[in-house]
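Asks: Got my_file.txt for you, compact mmCIF, C-alpha atoms:
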```txt
# COMPACT_ATOMS: atom_id res chain seq x y z
CA MET T 1 0.00 0.00 0.00
CA ILE T 2 1.27 3.51 -0.85
CA GLY T 3 2.68 5.28 2.20
CA GLN T 4 3.46 2.07 4.06
CA PRO T 5 6.90 0.45 4.43
CA ALA T 6 7.41 -2.21 1.80
CA SER T 7 6.82 -5.77 2.92
CA GLY T 8 9.84 -7.06 4.80
CA GLU T 9 11.56 -3.65 4.77
CA PRO T 10 11.55 -1.97 8.19
CA LEU T 11 12.96 1.38 7.01
CA VAL T 12 11.95 3.42 3.95
CA ARG T 13 12.28 7.04 2.86
CA LEU T 14 9.37 8.36 0.78
CA PRO T 15 9.79 10.87 -2.09
CA ASP T 16 8.80 13.82 0.10
CA GLY T 17 11.47 12.89 2.68
CA THR T 18 9.20 11.18 5.21
CA VAL T 19 10.96 8.25 6.88
CA LYS T 20 8.78 5.34 7.99
CA GLN T 21 10.02 2.64 10.33
CA VAL T 22 8.73 -0.61 11.74
CA SER T 23 10.64 -2.28 14.56
CA PRO T 24 11.82 -5.73 13.40
CA LEU T 25 11.30 -7.04 16.94
CA THR T 26 8.14 -5.39 18.24
CA GLY T 27 6.29 -4.08 15.18
CA THR T 28 6.26 -0.54 16.60
CA VAL T 29 5.47 1.94 13.81
CA VAL T 30 7.37 5.24 13.69
CA TRP T 31 7.23 8.14 11.23
CA THR T 32 9.60 11.07 10.88
CA VAL T 33 7.88 13.79 8.86
CA PRO T 34 9.76 16.69 7.24
CA GLY T 35 9.00 19.97 8.97
CA ARG T 36 8.06 18.44 12.30
CA GLY T 37 11.56 17.03 12.50
CA ARG T 38 12.95 20.54 12.06
CA ARG T 39 10.53 22.32 14.36
CA ALA T 40 12.12 24.41 17.08
CA HIS T 41 12.78 22.87 20.45
CA ALA T 42 12.16 24.66 23.72
CA VAL T 43 14.76 27.28 24.54
CA PRO T 44 16.50 26.48 27.82
CA ASP T 45 16.41 28.97 30.67
CA GLN T 46 19.49 31.15 30.37
CA GLN T 47 19.40 32.27 34.02
CA ARG T 48 22.08 30.06 35.51
CA VAL T 49 22.16 29.36 39.22
CA ALA T 50 25.52 29.65 40.90
CA VAL T 51 26.51 26.92 43.35
CA ASP T 52 28.58 27.46 46.46
CA ALA T 53 31.65 25.22 46.26
CA ALA T 54 30.89 24.03 49.79
CA GLU T 55 27.53 22.67 48.59
CA HIS T 56 28.77 20.64 45.61
CA ASP T 57 28.46 17.40 47.56
CA ARG T 58 25.14 18.17 49.25
CA LEU T 59 22.79 19.00 46.37
CA CYS T 60 20.58 15.89 46.61
CA GLU T 61 20.10 12.74 48.67
CA PHE T 62 22.51 10.82 46.42
CA CYS T 63 25.38 13.22 47.01
CA SER T 64 28.57 12.08 48.71
CA ALA T 65 28.17 14.28 51.79
CA ARG T 66 24.75 12.76 52.52
CA TYR T 67 25.44 9.06 52.90
CA LEU T 68 22.85 8.79 55.68
CA ASP T 69 20.08 10.05 53.39
CA THR T 70 19.89 6.69 51.61
CA PRO T 71 19.19 3.26 53.14
CA PRO T 72 22.18 1.27 54.48
CA GLU T 73 24.46 0.61 51.55
CA LYS T 74 25.21 -2.88 50.30
CA SER T 75 28.60 -2.05 48.82
CA ARG T 76 30.83 0.74 47.57
CA LEU T 77 33.77 1.05 45.22
CA VAL T 78 36.70 3.15 46.42
CA LEU T 79 40.00 4.02 44.77
CA THR T 80 43.12 3.03 46.65
CA SER T 81 46.85 3.04 45.92
CA ASP T 82 46.41 -0.63 44.98
CA GLY T 83 43.58 0.15 42.57
CA PRO T 84 39.77 -0.02 42.87
CA GLN T 85 38.46 -1.88 45.90
CA VAL T 86 34.91 -2.94 46.83
CA LEU T 87 33.84 -2.56 50.46
CA GLU T 88 30.68 -4.36 51.54
CA HIS T 89 28.12 -3.71 54.29
CA LEU T 90 29.93 -0.90 56.10
CA PRO T 91 28.47 0.00 59.52
CA ALA T 92 27.11 3.53 59.82
CA PRO T 93 30.08 5.01 61.74
CA ARG T 94 32.46 3.98 58.92
CA LEU T 95 30.54 5.52 56.03
CA GLY T 96 32.56 8.73 56.20
CA GLU T 97 35.95 7.03 56.34
CA SER T 98 36.26 6.70 52.56
CA VAL T 99 35.02 8.42 49.43
CA ALA T 100 32.76 6.15 47.41
CA GLU T 101 33.25 6.42 43.66
CA LEU T 102 30.17 4.21 43.34
CA ARG T 103 27.61 3.05 45.88
CA ARG T 104 25.04 0.28 45.75
CA VAL T 105 22.12 1.14 48.00
CA PRO T 106 18.54 -0.15 48.34
CA ASN T 107 15.85 1.98 46.76
CA LEU T 108 13.81 3.35 49.65
CA TYR T 109 10.66 3.33 47.50
CA GLU T 110 10.81 -0.09 45.88
CA ILE T 111 8.76 -1.14 42.89
CA LEU T 112 8.36 -4.60 44.45
CA SER T 113 8.69 -4.54 48.22
CA VAL T 114 10.03 -7.29 50.47
CA GLU T 115 6.44 -7.82 51.56
CA TYR T 116 5.53 -8.54 47.91
CA TRP T 117 8.05 -11.38 47.81
CA ARG T 118 7.04 -12.55 51.29
CA ALA T 119 3.29 -12.61 50.65
CA ASN T 120 3.32 -13.91 47.07
CA HIS T 121 6.28 -16.28 47.12
CA GLY T 122 6.90 -17.15 50.76
CA TYR T 123 10.27 -15.39 50.76
CA GLN T 124 12.09 -15.23 54.08
CA PRO T 125 15.29 -13.25 54.66
CA SER T 126 18.31 -15.43 55.33
CA PRO T 127 19.93 -15.65 58.77
CA GLU T 128 22.82 -13.65 57.30
CA LEU T 129 20.50 -10.77 56.40
CA LEU T 130 18.82 -10.89 59.80
CA GLY T 131 22.23 -10.77 61.46
CA ARG T 132 23.32 -7.85 59.30
CA ALA T 133 20.25 -5.83 60.27
CA THR T 134 20.74 -6.65 63.95
CA ALA T 135 24.42 -5.66 63.87
CA TYR T 136 23.74 -2.41 62.01
CA THR T 137 21.02 -1.28 64.41
CA ALA T 138 23.03 -2.27 67.49
CA ASP T 139 25.11 0.84 66.89
CA PRO T 140 23.34 4.08 67.93
CA LEU T 141 24.09 5.85 64.65
CA GLY T 142 22.98 2.83 62.65
CA ARG T 143 19.79 2.52 64.68
CA SER T 144 19.01 6.22 64.16
CA HIS T 145 19.74 5.86 60.44
CA VAL T 146 17.42 2.88 60.01
CA LEU T 147 14.60 4.47 62.01
CA ASP T 148 14.88 7.60 59.90
CA MET T 149 14.68 5.60 56.67
CA LEU T 150 11.71 3.55 57.88
CA GLY T 151 9.98 6.74 59.02
CA ARG T 152 10.40 8.29 55.58
CA ARG T 153 9.00 5.18 53.93
CA ALA T 154 5.99 5.21 56.29
CA ALA T 155 5.37 8.88 55.52
CA ALA T 156 5.45 8.20 51.77
CA THR T 157 2.77 5.53 52.15
CA GLY T 158 0.58 7.67 54.38
CA LEU T 159 1.28 5.66 57.52
CA SER T 160 3.31 8.23 59.45
CA GLY T 161 0.60 8.56 62.11
CA VAL T 162 0.61 4.84 62.86
CA TRP T 163 4.40 4.75 62.70
CA ALA T 164 4.72 7.52 65.30
CA THR T 165 2.67 5.56 67.84
CA GLU T 166 4.53 2.26 67.54
CA PRO T 167 7.12 1.32 70.16
CA GLU T 168 10.70 1.48 68.92
CA VAL T 169 11.14 -2.28 69.24
CA GLU T 170 8.27 -2.82 66.79
CA ARG T 171 9.70 -0.26 64.37
CA LEU T 172 13.10 -1.93 64.48
CA ALA T 173 11.49 -5.27 63.67
CA GLN T 174 10.94 -3.86 60.17
CA ALA T 175 14.63 -3.02 59.76
CA VAL T 176 15.46 -6.25 57.95
CA ASP T 177 13.33 -5.13 55.00
CA LEU T 178 15.87 -2.37 54.31
CA PHE T 179 18.58 -5.01 53.97
CA ALA T 180 16.57 -7.67 52.12
CA GLY T 181 15.16 -5.55 49.30
CA SER T 182 15.67 -6.46 45.65
CA HIS T 183 15.45 -3.00 44.09
CA ASP T 184 18.89 -1.41 44.19
CA VAL T 185 20.41 1.85 43.01
CA VAL T 186 24.00 2.26 41.80
CA VAL T 187 25.00 5.86 42.52
CA ALA T 188 27.99 7.65 41.02
CA ARG T 189 30.02 10.03 43.17
CA ARG T 190 29.57 13.36 41.41
CA HIS T 191 26.44 15.45 41.12
CA LEU T 192 28.27 18.19 39.22
CA VAL T 193 31.43 17.96 37.15
CA ASP T 194 34.65 18.73 38.99
CA GLY T 195 35.16 22.48 39.32
CA ALA T 196 31.54 23.31 38.45
CA ARG T 197 30.35 26.81 39.29
CA TYR T 198 26.72 26.46 38.23
CA ALA T 199 23.93 24.03 39.08
CA ASP T 200 23.44 23.04 35.43
CA GLU T 201 26.98 21.64 35.07
CA LEU T 202 25.76 18.14 35.74
CA ALA T 203 27.97 15.05 35.78
CA GLY T 204 26.39 12.53 33.43
CA ALA T 205 27.54 9.21 32.04
CA GLY T 206 29.25 10.97 29.15
CA THR T 207 31.28 13.26 31.41
CA LEU T 208 32.95 10.27 33.06
CA THR T 209 36.30 9.13 31.76
CA PRO T 210 36.34 5.82 29.86
CA ASP T 211 37.94 4.19 32.94
CA GLU T 212 35.28 5.61 35.25
CA HIS T 213 32.48 4.46 32.97
CA GLU T 214 33.93 0.94 32.77
CA ARG T 215 33.96 0.75 36.59
CA TYR T 216 30.39 2.05 36.67
CA LEU T 217 29.25 -0.58 34.17
CA ALA T 218 31.16 -3.46 35.79
CA PHE T 219 29.94 -2.51 39.28
CA THR T 220 26.36 -2.57 37.97
CA VAL T 221 26.90 -5.99 36.38
CA ASP T 222 28.13 -7.32 39.73
CA ALA T 223 25.08 -5.83 41.46
CA MET T 224 22.79 -7.54 38.92
CA GLN T 225 24.34 -10.92 39.60
CA GLY T 226 24.09 -10.24 43.33
CA LEU T 227 20.33 -9.69 43.10
CA TYR T 228 19.85 -13.01 41.32
CA ARG T 229 21.75 -14.72 44.13
CA ALA T 230 19.91 -12.92 46.91
CA GLN T 231 16.34 -13.22 45.59
CA PRO T 232 15.62 -16.87 44.71
CA PHE T 233 12.22 -16.05 43.22
CA ALA T 234 13.52 -13.49 40.73
CA ARG T 235 13.09 -14.52 37.10
CA TYR T 236 14.58 -11.33 35.70
CA VAL T 237 16.50 -8.29 36.91
CA ALA T 238 15.61 -5.18 34.96
CA VAL T 239 18.46 -2.67 34.66
CA PHE T 240 17.95 0.89 33.49
CA GLN T 241 19.18 4.45 33.85
CA ASN T 242 16.85 7.45 33.79
CA TRP T 243 18.82 10.62 33.12
CA LEU T 244 17.12 13.92 34.00
CA ARG T 245 13.61 14.42 35.32
CA ALA T 246 12.04 14.52 31.85
CA ALA T 247 13.17 10.89 31.49
CA GLY T 248 11.74 9.82 34.85
CA ALA T 249 14.66 10.52 37.21
CA SER T 250 13.89 11.59 40.76
CA PHE T 251 17.27 13.31 41.03
CA ASP T 252 19.54 14.88 38.44
CA HIS T 253 22.34 12.75 39.86
CA LEU T 254 23.84 9.93 37.82
CA HIS T 255 22.53 6.53 38.91
CA LYS T 256 21.29 3.21 37.55
CA GLN T 257 18.46 1.10 38.96
CA LEU T 258 18.17 -2.67 39.22
CA VAL T 259 14.78 -4.25 39.91
CA ALA T 260 14.24 -7.97 40.47
CA ILE T 261 10.86 -9.13 39.13
CA ASP T 262 9.07 -12.48 39.10
CA GLU T 263 8.40 -12.61 35.35
CA PHE T 264 10.28 -11.73 32.18
CA GLY T 265 8.02 -8.86 31.13
CA PRO T 266 6.22 -8.48 27.77
CA GLN T 267 9.22 -7.05 25.91
CA THR T 268 11.50 -9.94 26.82
CA GLU T 269 8.72 -12.47 26.21
CA ARG T 270 8.23 -11.12 22.69
CA GLU T 271 11.94 -11.23 21.96
CA LEU T 272 12.25 -14.80 23.28
CA ALA T 273 9.31 -15.91 21.14
CA ARG T 274 10.91 -14.35 18.08
CA LEU T 275 14.24 -15.99 18.93
CA ALA T 276 12.61 -19.41 19.25
CA ALA T 277 11.52 -19.15 15.63
CA GLU T 278 14.49 -17.18 14.30
CA PRO T 279 17.57 -17.51 16.55
CA ASP T 280 19.76 -15.19 14.46
CA VAL T 281 17.20 -12.34 14.29
CA TYR T 282 19.52 -9.83 15.95
CA THR T 283 22.14 -10.52 13.30
CA THR T 284 19.92 -10.57 10.23
CA ALA T 285 17.13 -8.12 11.09
CA ILE T 286 19.11 -5.56 13.08
CA LEU T 287 22.88 -5.60 12.61
CA ASP T 288 22.99 -6.72 8.98
CA HIS T 289 20.21 -4.25 8.20
CA ALA T 290 22.14 -1.47 9.95
CA ALA T 291 25.25 -2.29 7.93
CA ALA T 292 23.31 -2.28 4.67
CA HIS T 293 21.75 1.13 5.43
CA ARG T 294 25.01 2.64 6.78
CA LEU T 295 23.48 3.05 10.25
CA VAL T 296 26.55 1.75 12.09
CA VAL T 297 27.79 4.46 14.44
CA ALA T 298 30.91 2.88 15.93
CA GLU T 299 32.49 -0.49 16.56
CA ASN T 300 35.39 -2.21 18.25
CA GLU T 301 36.50 -5.79 18.66
CA TYR T 302 33.91 -6.49 21.35
CA ALA T 303 30.79 -4.47 20.50
CA ILE T 304 29.00 -2.51 17.82
CA ALA T 305 26.78 0.58 18.07
CA VAL T 306 24.02 1.45 15.59
CA ALA T 307 21.18 3.90 15.13
CA GLY T 308 18.06 1.96 16.05
CA VAL T 309 15.01 1.42 13.87
CA GLY T 310 11.39 1.39 15.07
CA HIS T 311 11.68 3.10 18.47
CA ARG T 312 9.17 5.60 19.84
CA TYR T 313 12.09 7.93 20.58
CA PRO T 314 15.35 8.37 18.66
CA ALA T 315 17.48 5.47 19.89
CA LEU T 316 21.05 4.25 19.75
CA GLU T 317 21.85 0.61 20.40
CA VAL T 318 24.99 -1.20 21.55
CA TYR T 319 25.35 -4.96 20.97
CA SER T 320 27.93 -7.25 22.49
CA ARG T 321 29.80 -9.36 19.94
CA SER T 322 30.58 -11.99 22.59
CA THR T 323 29.46 -15.59 22.56
CA HIS T 324 28.34 -15.00 26.17
CA HIS T 325 24.74 -13.98 26.85
CA LEU T 326 24.75 -12.93 30.52
CA PRO T 327 26.59 -9.69 31.32
CA TRP T 328 28.52 -11.24 34.24
CA GLU T 329 29.80 -14.03 31.99
CA HIS T 330 31.61 -11.52 29.79
CA THR T 331 35.37 -11.21 30.15
CA ALA T 332 36.88 -8.00 31.50
CA ALA T 333 37.97 -7.06 27.99
CA GLU T 334 34.46 -7.65 26.62
CA VAL T 335 32.92 -5.50 29.34
CA ARG T 336 35.45 -2.76 28.64
CA GLY T 337 34.77 -2.83 24.91
CA PHE T 338 31.02 -2.67 25.49
CA SER T 339 31.48 0.13 28.01
CA ASP T 340 33.63 2.21 25.66
CA LEU T 341 30.92 2.30 23.00
CA LEU T 342 28.10 3.01 25.44
CA HIS T 343 30.17 5.75 27.08
CA GLY T 344 30.84 7.27 23.67
CA LEU T 345 27.12 7.37 22.85
CA HIS T 346 26.38 9.14 26.13
CA ALA T 347 29.16 11.65 25.51
CA ALA T 348 27.96 12.29 21.96
CA THR T 349 24.36 12.76 23.14
CA GLY T 350 25.36 15.25 25.85
CA VAL T 351 24.18 15.84 29.40
CA ASP T 352 21.39 18.25 28.41
CA VAL T 353 19.35 15.55 26.64
CA PRO T 354 17.04 13.41 28.82
CA THR T 355 17.68 9.74 28.14
CA ASN T 356 16.64 6.25 29.17
CA GLU T 357 19.30 3.55 29.10
CA GLU T 358 17.65 0.11 28.95
CA TRP T 359 19.54 -3.17 29.32
CA HIS T 360 18.47 -6.36 27.54
CA TYR T 361 19.96 -9.83 27.93
CA ARG T 362 18.93 -13.48 28.06
CA PRO T 363 17.14 -14.32 31.33
CA PRO T 364 19.22 -16.96 33.15
CA SER T 365 16.40 -19.51 32.99
CA ALA T 366 15.67 -19.00 29.27
CA ALA T 367 17.06 -21.35 26.65
CA GLU T 368 17.01 -19.04 23.65
CA PRO T 369 20.28 -17.28 22.76
CA MET T 370 20.21 -13.48 23.11
CA PRO T 371 23.05 -10.97 22.93
CA TRP T 372 23.56 -8.47 25.73
CA HIS T 373 22.47 -5.15 24.28
CA VAL T 374 21.61 -1.70 25.59
CA VAL T 375 19.20 0.79 24.04
CA LEU T 376 19.81 4.48 24.69
CA LYS T 377 16.61 6.43 24.04
CA LEU T 378 16.64 10.20 23.60
CA ARG T 379 13.53 11.65 25.24
CA VAL T 380 13.26 14.66 22.92
CA SER T 381 9.53 14.43 22.17
CA THR T 382 6.28 13.82 24.01
CA LEU T 383 3.79 11.13 23.05
CA ALA T 384 0.35 12.68 22.64
CA GLY T 385 -3.13 12.08 21.25
CA PHE T 386 -2.06 11.23 17.71
CA GLU T 387 0.26 8.49 18.94
CA GLY T 388 -2.30 7.16 21.39
CA GLY T 389 -5.10 7.08 18.85
CA THR T 390 -3.23 5.70 15.84
CA LYS T 391 -0.33 3.80 17.44
CA ILE T 392 1.85 5.61 14.89
CA ASN T 393 4.67 7.29 16.74
CA VAL T 394 5.96 10.59 15.37
CA ASN T 395 9.70 10.73 15.95
CA THR T 396 11.52 14.01 15.31
CA ILE T 397 14.89 12.44 14.40
CA ASP T 398 15.12 9.60 11.88
CA PRO T 399 17.84 6.91 12.16
CA TYR T 400 19.89 8.36 9.29
CA THR T 401 20.03 11.80 10.90
CA LEU T 402 20.72 10.34 14.32
CA ARG T 403 23.60 8.31 12.91
CA ASP T 404 25.13 11.34 11.19
CA ARG T 405 24.83 13.59 14.26
CA THR T 406 26.29 10.97 16.58
CA VAL T 407 29.18 10.16 14.26
CA ALA T 408 30.05 13.86 13.91
CA ALA T 409 30.00 14.32 17.70
CA LEU T 410 32.10 11.20 18.29
CA ARG T 411 34.79 12.41 15.90
CA ILE T 412 35.15 15.65 17.83
CA LEU T 413 35.20 13.84 21.16
CA ARG T 414 37.86 11.44 19.91
CA GLU T 415 40.04 14.33 18.76
CA GLN T 416 39.69 15.81 22.26
CA GLY T 417 40.69 12.50 23.85
CA ARG T 418 37.43 12.26 25.79
CA VAL T 419 36.28 8.90 24.45
CA ALA T 420 38.02 5.68 23.52
CA ALA T 421 38.96 5.53 19.84
CA PRO T 422 36.88 2.86 18.11
CA ALA T 423 36.14 2.89 14.43
CA ILE T 424 33.53 5.58 13.82
CA GLY T 425 30.98 5.89 11.02
CA ASP T 426 32.42 5.14 7.59
CA GLU T 427 35.59 3.83 9.28
CA CYS T 428 33.55 0.81 10.43
CA SER T 429 33.74 -2.44 8.51
CA HIS T 430 30.00 -2.70 7.79
CA ASP T 431 30.55 -6.45 7.64
CA LEU T 432 27.60 -8.82 7.88
CA GLY T 433 27.25 -11.49 10.55
CA VAL T 434 29.26 -9.66 13.23
CA LEU T 435 27.36 -11.07 16.24
CA HIS T 436 28.42 -14.40 17.78
CA TYR T 437 25.69 -15.04 20.36
CA THR T 438 24.45 -18.10 18.43
CA ASP T 439 27.94 -19.66 18.08
```
Written as structure tokens, that's how I'd like the structure from this file.

Replies:
Amino acid sequence: MIGQPASGEPLVRLPDGTVKQVSPLTGTVVWTVPGRGRRAHAVPDQQRVAVDAAEHDRLCEFCSARYLDTPPEKSRLVLTSDGPQVLEHLPAPRLGESVAELRRVPNLYEILSVEYWRANHGYQPSPELLGRATAYTADPLGRSHVLDMLGRRAAATGLSGVWATEPEVERLAQAVDLFAGSHDVVVARRHLVDGARYADELAGAGTLTPDEHERYLAFTVDAMQGLYRAQPFARYVAVFQNWLRAAGASFDHLHKQLVAIDEFGPQTERELARLAAEPDVYTTAILDHAAAHRLVVAENEYAIAVAGVGHRYPALEVYSRSTHHLPWEHTAAEVRGFSDLLHGLHAATGVDVPTNEEWHYRPPSAAEPMPWHVVLKLRVSTLAGFEGGTKINVNTIDPYTLRDRTVAALRILREQGRVAAPAIGDECSHDLGVLHYTD
């Protein structure tokens, strides 16, 4: 039919310049229409707010001078003369003894609470967790910290009145839930870039060095594996990063979230069903297609980045070229290669653009092969009535334009030494069959 993508072709450009896309995995329909793609974006507020240097580390609850404003941390990564070191389950009095480059802390407002797992699956915290909660609250500072966190949670659920009347011993009985949760947050150290003078000089994933980003990624992978070990009823751990409030972030402070859930979720179910019928779909329908349409953004020995097709928002995708499916099964070199490309995409996108970073990988209990891949979505438009009524998503940046903009930005960043130096744009091989997840 005229105006529709040709059968079997997920990406077409019409004579007037309209680009129509259909996701090869989900069937999502996306149009980029000339004129709307060039329409002006909102002009940012030019009135910058100066920040006192003494307040750089106190701007939000995730900041490094406010360790007691988050639940008791599970682990932290610190830099020592012997290299990075992970410290686990520090008692409250020791939180200020080191500077955490990264922290893994429970989300105070979980998507699935401990009570969810307890009531629906019969989950019971292990003796180790019970002992950890008892030891932490035996210290006066730890006890005060836990009571404060539990009080905030009660207030958020409208139970502050009941909470205030309960004896302390009954309040402390709930402490173990702060240690047994399966919704974690990985928090980076900086709120603002080093030396920042204004509140809008935010430290995002792209402002990290390649080494810092690799530690951030690897630390998150370890946290993911830890949740699978700790929550026996978890079928999948969703990993994502919301950057800026327009993308769903509570704080403009760099962090990732990990949420254990008791099902795969519709997106993963659809991908597994497609893989059962067509195991090499990521190679043939996505990567080979990207190579044929010159949508490859960057590549290295371990990963490849492309402009995505068929997303509601402009999207960049990174695929691991490893034979391994689970992120924690990747070698250190494979993680570093994957990290370098993802870091480059963040740097090229810039800290002023709201983004969602979504991780996808084979669930441990699934049999179908699936490559570890991350989708970086640029939240530069708002879904409205047209999209809701027609299920046709109007996207202001088509994959070709997104590829060209990202490649141009990456070249500048590489010249400045701010990103690792993979092959970029036309320097890439554009070979077919570059993924090895089915080997």

Asks: With all atoms listed in the file as the counted atoms, please give the residues lying no more than 12 Å from Leu275 in chain T, apart from itself and same-chain residues fewer than 4 positions off, as a list in words.

Replies: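 Selected residues are Pro24, Leu25, Thr268, Glu269, Arg270, Glu271, Pro279, Asp280, Val281, Tyr282, Thr283, Thr284, Ala285, Arg362, Ala366, Ala367, Glu368, Pro369, Met370, Pro371, Tyr437 and Thr438 of chain T.
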
Asks: Using the selection just defined, write its residues with C-alpha atoms as a PDB file, keeping the file's coordinate frame.

Replies:
```
ATOM      1  CA  PRO T  24      11.820  -5.730  13.400  1.00  0.00           C
ATOM      2  CA  LEU T  25      11.300  -7.040  16.940  1.00  0.00           C
ATOM      3  CA  THR T 268      11.500  -9.940  26.820  1.00  0.00           C
ATOM      4  CA  GLU T 269       8.720 -12.470  26.210  1.00  0.00           C
ATOM      5  CA  ARG T 270       8.230 -11.120  22.690  1.00  0.00           C
ATOM      6  CA  GLU T 271      11.940 -11.230  21.960  1.00  0.00           C
ATOM      7  CA  PRO T 279      17.570 -17.510  16.550  1.00  0.00           C
ATOM      8  CA  ASP T 280      19.760 -15.190  14.460  1.00  0.00           C
ATOM      9  CA  VAL T 281      17.200 -12.340  14.290  1.00  0.00           C
ATOM     10  CA  TYR T 282      19.520  -9.830  15.950  1.00  0.00           C
ATOM     11  CA  THR T 283      22.140 -10.520  13.300  1.00  0.00           C
ATOM     12  CA  THR T 284      19.920 -10.570  10.230  1.00  0.00           C
ATOM     13  CA  ALA T 285      17.130  -8.120  11.090  1.00  0.00           C
ATOM     14  CA  ARG T 362      18.930 -13.480  28.060  1.00  0.00           C
ATOM     15  CA  ALA T 366      15.670 -19.000  29.270  1.00  0.00           C
ATOM     16  CA  ALA T 367      17.060 -21.350  26.650  1.00  0.00           C
ATOM     17  CA  GLU T 368      17.010 -19.040  23.650  1.00  0.00           C
ATOM     18  CA  PRO T 369      20.280 -17.280  22.760  1.00  0.00           C
ATOM     19  CA  MET T 370      20.210 -13.480  23.110  1.00  0.00           C
ATOM     20  CA  PRO T 371      23.050 -10.970  22.930  1.00  0.00           C
ATOM     21  CA  TYR T 437      25.690 -15.040  20.360  1.00  0.00           C
ATOM     22  CA  THR T 438      24.450 -18.100  18.430  1.00  0.00           C
TER      23      THR T 438
END
```

Asks: May I have the protein, DNA and RNA residues with an atom at most 7 Å from (19.3, -1.1, 27.4), counting all atoms listed in the file in the file's coordinates, returned as a PyMOL selection string?

Replies: chain T and resi 240+357-360+373-376

Asks: Let's have the selection written as a PDB file, in the coordinates of the input, with C-alpha atoms.

Replies:
```pdb
ATOM      1  CA  PHE T 240      17.950   0.890  33.490  1.00  0.00           C
ATOM      2  CA  GLU T 357      19.300   3.550  29.100  1.00  0.00           C
ATOM      3  CA  GLU T 358      17.650   0.110  28.950  1.00  0.00           C
ATOM      4  CA  TRP T 359      19.540  -3.170  29.320  1.00  0.00           C
ATOM      5  CA  HIS T 360      18.470  -6.360  27.540  1.00  0.00           C
ATOM      6  CA  HIS T 373      22.470  -5.150  24.280  1.00  0.00           C
ATOM      7  CA  VAL T 374      21.610  -1.700  25.590  1.00  0.00           C
ATOM      8  CA  VAL T 375      19.200   0.790  24.040  1.00  0.00           C
ATOM      9  CA  LEU T 376      19.810   4.480  24.690  1.00  0.00           C
TER      10      LEU T 376
END
```

Asks: Which of these residues is nearest to Met224 in chain T, using only C-alpha atoms: T:Asp16, T:Asp431, T:Glu329, T:Glu97?

Replies: T:Glu329

Asks: Residues near range 398-413 of chain T, anyone? I mean within 7 Å using only C-alpha atoms, not counting same-chain ones fewer than 3 positions away, as a list in words.

Replies: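 Neighbouring residues, sequence-local ones excluded: Val19, Thr32, Leu295, Val297, Ala307, Gly308, Val309, Pro314, Gly344, Ala348, Asn395, Gln416, Gly417, Arg418, Val419, Ile424 and Gly425 of chain T.
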
Asks: Select, from T:Asp262, T:Glu212, T:Asp252, T:Asp439, the residue with the minimum atom-to-atom distance to Phe233 in chain T, counting only C-alpha atoms.

Replies: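 Closest to Phe233 in chain T, using only C-alpha atoms: T:Asp262.
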
Asks: What lies within 8 Å of Ala230 in chain T using all atoms listed in the file, ignoring chain neighbours under 3 positions off, as a PDB file with C-alpha atoms, keeping the file's coordinate frame?

Replies:
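Result file follows (selection.pdb):
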```pdb
ATOM      1  CA  SER T 182      15.670  -6.460  45.650  1.00  0.00           C
ATOM      2  CA  GLY T 226      24.090 -10.240  43.330  1.00  0.00           C
ATOM      3  CA  LEU T 227      20.330  -9.690  43.100  1.00  0.00           C
TER       4      LEU T 227
END
```

Asks: Please check which residues have atoms at most 12 Å from (33.4, 3.5, 58.8) in the file's coordinates, counting only C-alpha atoms, and write them as a PyMOL selection string.

Replies: chain T and resi 67+73+76+87-100+136+139+141-142

Asks: Excluding same-chain residues fewer than 2 positions from Val22 in chain T, what lies within 9 Å of it counting all atoms listed in the file, as JSON, numbers by chain?

Replies: {"T": [5, 9, 10, 11, 20, 24, 25, 26, 27, 28, 29, 30, 31, 309, 310, 311]}

Asks: Write out as a list in words the residues lying within 9 Å of Arg235 in chain T, counting all atoms listed in the file and excluding same-chain residues fewer than 2 positions away.

Replies: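 These residues fall inside the cut-off: Tyr228, Pro232, Phe233, Val237, Ala260, Ile261, Asp262, Glu263, Phe264, Pro363, Pro364 and Ser365 of chain T.
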
Asks: Mind pulling up the distance from CA of Pro34 in chain T to CA of Arg13 in chain T?

Replies: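 Going from CA of Arg13 in chain T over to CA of Pro34 in chain T covers 10.9 Å.
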
Asks: Pick out the closest residue to His430 in chain T from this set: T:Ser320, T:Asn300, T:Ser113, T:Gln241. Count only C-alpha atoms.

Replies: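 Residue with the minimum atom-to-atom distance to His430 in chain T: T:Asn300.
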
Asks: Between CA of Val185 in chain T and CA of Val114 in chain T, what is the distance, to one decimal in Å?

Replies: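 That distance, rounded to one decimal, is 15.7 Å.
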
Asks: Return the single residue from T:Val221, T:Val434, T:Leu208, T:Leu258 that is closest to Asp184 in chain T, with distances computed using all atoms listed in the file.

Replies: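 Distance minimum relative to Asp184 in chain T lands on T:Leu258.
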
Asks: How many Å separate CA of His255 in chain T from CA of Leu102 in chain T?

Replies: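 Straight-line distance from CA of His255 in chain T to CA of Leu102 in chain T works out to 9.1 Å.
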
Asks: Looking at T:Leu14, T:Leu108, T:Ala347, T:Ala196, which one is nearest to Arg48 in chain T, with distances taken over all atoms listed in the file?

Replies: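 Of T:Leu14, T:Leu108, T:Ala347, T:Ala196, the one nearest Arg48 in chain T, counting all atoms listed in the file, is T:Ala196.
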
Asks: Hey, which of T:Thr209, T:Thr331, T:Gln174, T:Asn356 ends up closest to Leu316 in chain T? Count only C-alpha atoms.

Replies: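 Distance minimum relative to Leu316 in chain T lands on T:Asn356.
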